[in-house]
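Engineer: After the structure tokens below, expect a handful of questions from me.
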Amino acid sequence: MKEIQNANVGIVKINEELASHTTMKVGGPADILVEPDSLQSLKKVMEIVRKHNTPWTAIGRGSNLLVHDGGIEGVVIKLGKGIDHLEENGDKMVVGAGYSLIVLATQLSRKGLKGLEFAAGIPGSLGGAVYMNAGAHGSDMSQIVTKVHILFEDGTMEWLTNDEMKFAYRTSVLQQERPGIVLEAELLLEPGDKTEITDQLKKNKDYRRDTQPWNHPCAGSIFRNPLPKYAGQLVESSGLKGHQVGGARISDMHGNFIVNAGGAKAQDVLNLIQHIKGKIKEEHDVEMHTEVEIIGRESKE
């Protein structure tokens, strides 16, 4: 799309392999990948997309994402640099969707602001974390978000309150009821003891490092926990740890992680997910639902 290339909106790439933009390192090409350099540039991209009625998809750091081997049709908008602003006003702040969650949690803990310690080690962006209500250690984004600036499918933009976001376990209103993407969010944290906060952040970060396989490309937790049961425990009790399909393997360290053991295709991961679902249904009569977001078009091969 020449119009986007000539619009001076940031980085534009044609047929860009999305394996380079996901933490699992799988995924086919985006017809067009755009990394807007500002919210104004993003608005310009959306105007062009709407004018030509072009399909579009938004991604962040790709840490909770599985892209099909056939890639993604139309325009993929990557929210990163340029959409990573931080405006602070005491214990309240507005944070751009592209801001690293790990960096934000670390910065705020050092300032003695409490509420984001649970995010230590979560390798995503602020936008993705709000979109799916990311959480750990008994807390989640819904506990600190006051309002969210959303770009909806029709190109309109609106601020939604915490209540309007309808946060629930690893979900929000944005997945199905009102599809949209997070542009920025207002957070409200509590002043606290800086030493206690930074100690808790380190403890959470160490726990994640010691229990999860971040030494291999992966997409984080594959399944939602079917509470009160836990996905990792169900996988382990089904004897599936280490099971491999193609280049995709269930981690020996944590049953709810699938790692790219080398040369994995998205289809390998999907086949392994189906195998896990079938095995756990058969042995535990539990329906498993993915936490990782699966997008794109299947390969024609």
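Residue numbering restarts at 1 for every chain of the structure tokens, chains are lettered A, B, ... in their displayed order, and ligands are numbered from 1 as they appear.
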Considering only alpha helix (DSSP H) as DSSP defines it on the backbone, what residues of range 47-251 of chain A qualify? List them as a ChimeraX atom specification.
Structural biologist: /A:47-51,101-110,126-131,162-165,194-211,231-237
Engineer: Just want the 6 Å neighbourhood of His149 in chain A, counted on only C-alpha atoms, with same-chain residues fewer than 3 positions away dropped. Output as a ChimeraX atom specification.
Structural biologist: /A:158-159,183-185
Engineer: Show me, as a PDB file with N, CA, C and O atoms, in the first residue's frame, the residues that have an atom within 12 Å of Glu291 in chain A when counting only C-alpha atoms, minus same-chain residues fewer than 6 positions from it.
Structural biologist:
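Output (out22.pdb):
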```
ATOM      1  N   SER A  63       4.291 -11.233  23.116  1.00  0.00           N
ATOM      2  CA  SER A  63       4.632 -12.208  24.158  1.00  0.00           C
ATOM      3  C   SER A  63       3.487 -13.141  24.511  1.00  0.00           C
ATOM      4  O   SER A  63       3.682 -14.128  25.193  1.00  0.00           O
ATOM      5  N   ASN A  64       2.284 -12.849  24.079  1.00  0.00           N
ATOM      6  CA  ASN A  64       1.146 -13.723  24.370  1.00  0.00           C
ATOM      7  C   ASN A  64       0.433 -14.048  23.063  1.00  0.00           C
ATOM      8  O   ASN A  64      -0.780 -14.128  22.995  1.00  0.00           O
ATOM      9  N   LEU A  65       1.245 -14.251  22.031  1.00  0.00           N
ATOM     10  CA  LEU A  65       0.721 -14.300  20.675  1.00  0.00           C
ATOM     11  C   LEU A  65       1.246 -15.505  19.907  1.00  0.00           C
ATOM     12  O   LEU A  65       2.437 -15.814  19.956  1.00  0.00           O
ATOM     13  N   LEU A  66       0.327 -16.164  19.193  1.00  0.00           N
ATOM     14  CA  LEU A  66       0.713 -17.238  18.279  1.00  0.00           C
ATOM     15  C   LEU A  66       0.133 -16.883  16.908  1.00  0.00           C
ATOM     16  O   LEU A  66      -1.084 -16.855  16.731  1.00  0.00           O
ATOM     17  N   MET A 132      -5.668  -8.059  28.011  1.00  0.00           N
ATOM     18  CA  MET A 132      -6.008  -9.401  28.507  1.00  0.00           C
ATOM     19  C   MET A 132      -6.066  -9.465  30.030  1.00  0.00           C
ATOM     20  O   MET A 132      -6.178 -10.544  30.601  1.00  0.00           O
ATOM     21  N   ASN A 133      -5.999  -8.303  30.690  1.00  0.00           N
ATOM     22  CA  ASN A 133      -5.998  -8.263  32.153  1.00  0.00           C
ATOM     23  C   ASN A 133      -4.951  -9.223  32.717  1.00  0.00           C
ATOM     24  O   ASN A 133      -5.250 -10.116  33.514  1.00  0.00           O
ATOM     25  N   ALA A 134      -3.718  -9.019  32.293  1.00  0.00           N
ATOM     26  CA  ALA A 134      -2.608  -9.855  32.745  1.00  0.00           C
ATOM     27  C   ALA A 134      -2.477  -9.788  34.262  1.00  0.00           C
ATOM     28  O   ALA A 134      -2.756  -8.757  34.883  1.00  0.00           O
ATOM     29  N   GLY A 135      -2.054 -10.896  34.840  1.00  0.00           N
ATOM     30  CA  GLY A 135      -1.899 -10.920  36.289  1.00  0.00           C
ATOM     31  C   GLY A 135      -1.006 -12.049  36.753  1.00  0.00           C
ATOM     32  O   GLY A 135      -0.640 -12.936  35.989  1.00  0.00           O
ATOM     33  N   TYR A 169     -11.071 -12.675  34.679  1.00  0.00           N
ATOM     34  CA  TYR A 169      -9.846 -13.470  34.639  1.00  0.00           C
ATOM     35  C   TYR A 169      -9.302 -13.542  33.217  1.00  0.00           C
ATOM     36  O   TYR A 169      -9.886 -14.158  32.340  1.00  0.00           O
ATOM     37  N   ARG A 170      -8.185 -12.861  32.980  1.00  0.00           N
ATOM     38  CA  ARG A 170      -7.442 -12.826  31.712  1.00  0.00           C
ATOM     39  C   ARG A 170      -8.282 -12.358  30.524  1.00  0.00           C
ATOM     40  O   ARG A 170      -8.026 -12.732  29.379  1.00  0.00           O
ATOM     41  N   THR A 171      -9.298 -11.554  30.822  1.00  0.00           N
ATOM     42  CA  THR A 171     -10.128 -11.031  29.736  1.00  0.00           C
ATOM     43  C   THR A 171     -10.583  -9.607  30.055  1.00  0.00           C
ATOM     44  O   THR A 171     -10.489  -9.144  31.187  1.00  0.00           O
ATOM     45  N   GLN A 175     -11.995  -8.263  23.983  1.00  0.00           N
ATOM     46  CA  GLN A 175     -11.808  -9.491  23.202  1.00  0.00           C
ATOM     47  C   GLN A 175     -12.976  -9.771  22.262  1.00  0.00           C
ATOM     48  O   GLN A 175     -12.769 -10.088  21.100  1.00  0.00           O
ATOM     49  N   ALA A 219       5.708 -18.303  24.468  1.00  0.00           N
ATOM     50  CA  ALA A 219       4.684 -17.253  24.439  1.00  0.00           C
ATOM     51  C   ALA A 219       4.045 -17.047  25.804  1.00  0.00           C
ATOM     52  O   ALA A 219       2.960 -16.485  25.900  1.00  0.00           O
ATOM     53  N   GLY A 220       4.711 -17.505  26.855  1.00  0.00           N
ATOM     54  CA  GLY A 220       4.100 -17.413  28.187  1.00  0.00           C
ATOM     55  C   GLY A 220       3.123 -18.549  28.404  1.00  0.00           C
ATOM     56  O   GLY A 220       3.183 -19.586  27.723  1.00  0.00           O
ATOM     57  N   SER A 221       2.211 -18.379  29.327  1.00  0.00           N
ATOM     58  CA  SER A 221       1.239 -19.442  29.637  1.00  0.00           C
ATOM     59  C   SER A 221       0.366 -19.725  28.419  1.00  0.00           C
ATOM     60  O   SER A 221      -0.206 -18.812  27.828  1.00  0.00           O
ATOM     61  N   ILE A 222       0.257 -20.993  28.069  1.00  0.00           N
ATOM     62  CA  ILE A 222      -0.533 -21.384  26.906  1.00  0.00           C
ATOM     63  C   ILE A 222      -2.025 -21.461  27.241  1.00  0.00           C
ATOM     64  O   ILE A 222      -2.874 -21.029  26.462  1.00  0.00           O
ATOM     65  N   PHE A 223      -2.344 -22.005  28.413  1.00  0.00           N
ATOM     66  CA  PHE A 223      -3.742 -22.198  28.791  1.00  0.00           C
ATOM     67  C   PHE A 223      -4.131 -21.336  29.987  1.00  0.00           C
ATOM     68  O   PHE A 223      -3.305 -21.037  30.858  1.00  0.00           O
ATOM     69  N   ARG A 224      -5.394 -20.969  30.036  1.00  0.00           N
ATOM     70  CA  ARG A 224      -5.946 -20.359  31.240  1.00  0.00           C
ATOM     71  C   ARG A 224      -6.079 -21.452  32.294  1.00  0.00           C
ATOM     72  O   ARG A 224      -6.354 -22.611  31.966  1.00  0.00           O
ATOM     73  N   ASN A 225      -5.901 -21.086  33.532  1.00  0.00           N
ATOM     74  CA  ASN A 225      -6.094 -22.062  34.601  1.00  0.00           C
ATOM     75  C   ASN A 225      -7.578 -22.357  34.770  1.00  0.00           C
ATOM     76  O   ASN A 225      -8.366 -21.438  34.997  1.00  0.00           O
ATOM     77  N   PRO A 226      -7.983 -23.634  34.660  1.00  0.00           N
ATOM     78  CA  PRO A 226      -9.397 -23.987  34.873  1.00  0.00           C
ATOM     79  C   PRO A 226      -9.674 -24.084  36.376  1.00  0.00           C
ATOM     80  O   PRO A 226      -9.889 -25.163  36.920  1.00  0.00           O
ATOM     81  N   ALA A 231      -3.480 -25.325  35.122  1.00  0.00           N
ATOM     82  CA  ALA A 231      -3.144 -25.934  33.833  1.00  0.00           C
ATOM     83  C   ALA A 231      -1.833 -26.707  33.891  1.00  0.00           C
ATOM     84  O   ALA A 231      -1.745 -27.842  33.408  1.00  0.00           O
ATOM     85  N   ASN A 256       2.643 -25.622  31.664  1.00  0.00           N
ATOM     86  CA  ASN A 256       1.779 -24.701  30.921  1.00  0.00           C
ATOM     87  C   ASN A 256       2.574 -23.844  29.939  1.00  0.00           C
ATOM     88  O   ASN A 256       2.087 -22.817  29.483  1.00  0.00           O
ATOM     89  N   PHE A 257       3.784 -24.268  29.626  1.00  0.00           N
ATOM     90  CA  PHE A 257       4.605 -23.543  28.652  1.00  0.00           C
ATOM     91  C   PHE A 257       4.973 -24.477  27.505  1.00  0.00           C
ATOM     92  O   PHE A 257       5.405 -25.604  27.731  1.00  0.00           O
ATOM     93  N   ILE A 273      -1.030 -28.162  21.131  1.00  0.00           N
ATOM     94  CA  ILE A 273      -2.143 -27.649  21.951  1.00  0.00           C
ATOM     95  C   ILE A 273      -3.343 -28.593  21.870  1.00  0.00           C
ATOM     96  O   ILE A 273      -3.966 -28.923  22.885  1.00  0.00           O
TER      97      ILE A 273
END
```
Engineer: Find the nearest atom pair between each residue of range 65-147 of chain A and range 28-44 of chain A for residues within 9 Å, count only C-alpha atoms, give distances in Å to one decimal, sort rows by chain and ascending number, and present the table as CSV.
Structural biologist:
```
residue,atom,partner,partner_atom,distance
A:Val67,CA,A:Gly28,CA,6.9
A:His68,CA,A:Gly28,CA,6.3
A:Asp69,CA,A:Gly28,CA,4.4
A:Gly70,CA,A:Gly28,CA,5.0
A:Gly71,CA,A:Gly28,CA,3.7
A:Ile72,CA,A:Ala30,CA,4.9
A:Glu73,CA,A:Asp31,CA,5.7
A:Gly74,CA,A:Asp31,CA,5.4
A:Val75,CA,A:Ile32,CA,4.8
A:Val76,CA,A:Leu33,CA,4.8
A:Ile77,CA,A:Val34,CA,4.9
A:Lys78,CA,A:Glu35,CA,4.9
A:Leu79,CA,A:Glu35,CA,6.2
A:Gly80,CA,A:Glu35,CA,6.9
A:Lys81,CA,A:Asp37,CA,6.4
A:Gly82,CA,A:Asp37,CA,4.0
A:Ile83,CA,A:Ser38,CA,5.6
A:Asp84,CA,A:Ser38,CA,8.7
```
Engineer: Which neighbours of range 153-156 of chain A fall inside 12 Å, counting only C-alpha atoms, when residues of the same chain fewer than 2 positions from it are skipped, and could you give them as a VMD selection string?
Structural biologist: chain A and resid 42 to 51 53 to 58 149 to 151 158 to 159 174 to 183
Engineer: Within 10 Å of Arg61 in chain A, counting only C-alpha atoms, which residues qualify if same-chain residues fewer than 3 places away don't, as a ChimeraX atom specification?
Structural biologist: /A:21-23,64-65,78-80,98-100,123-128
Engineer: Using only C-alpha atoms, which protein or nucleic acid residues come within 12 Å of Lys281 in chain A? Drop anything in the same chain fewer than 4 positions from it, and give the result as a PyMOL selection string.
Structural biologist: chain A and resi 226+231+234-235+238+274-277+285-289
Engineer: Could you list, as a list in words, every residue within 9 Å of range 246-248 of chain A, counting only C-alpha atoms and ignoring same-chain residues fewer than 4 positions away?
Structural biologist: Ile258, Val259, Asn260, Ala261, Gly262, Gly263, Ala264, Lys265, Ala266, Gln267, Asp268, Val269 and Leu272 of chain A
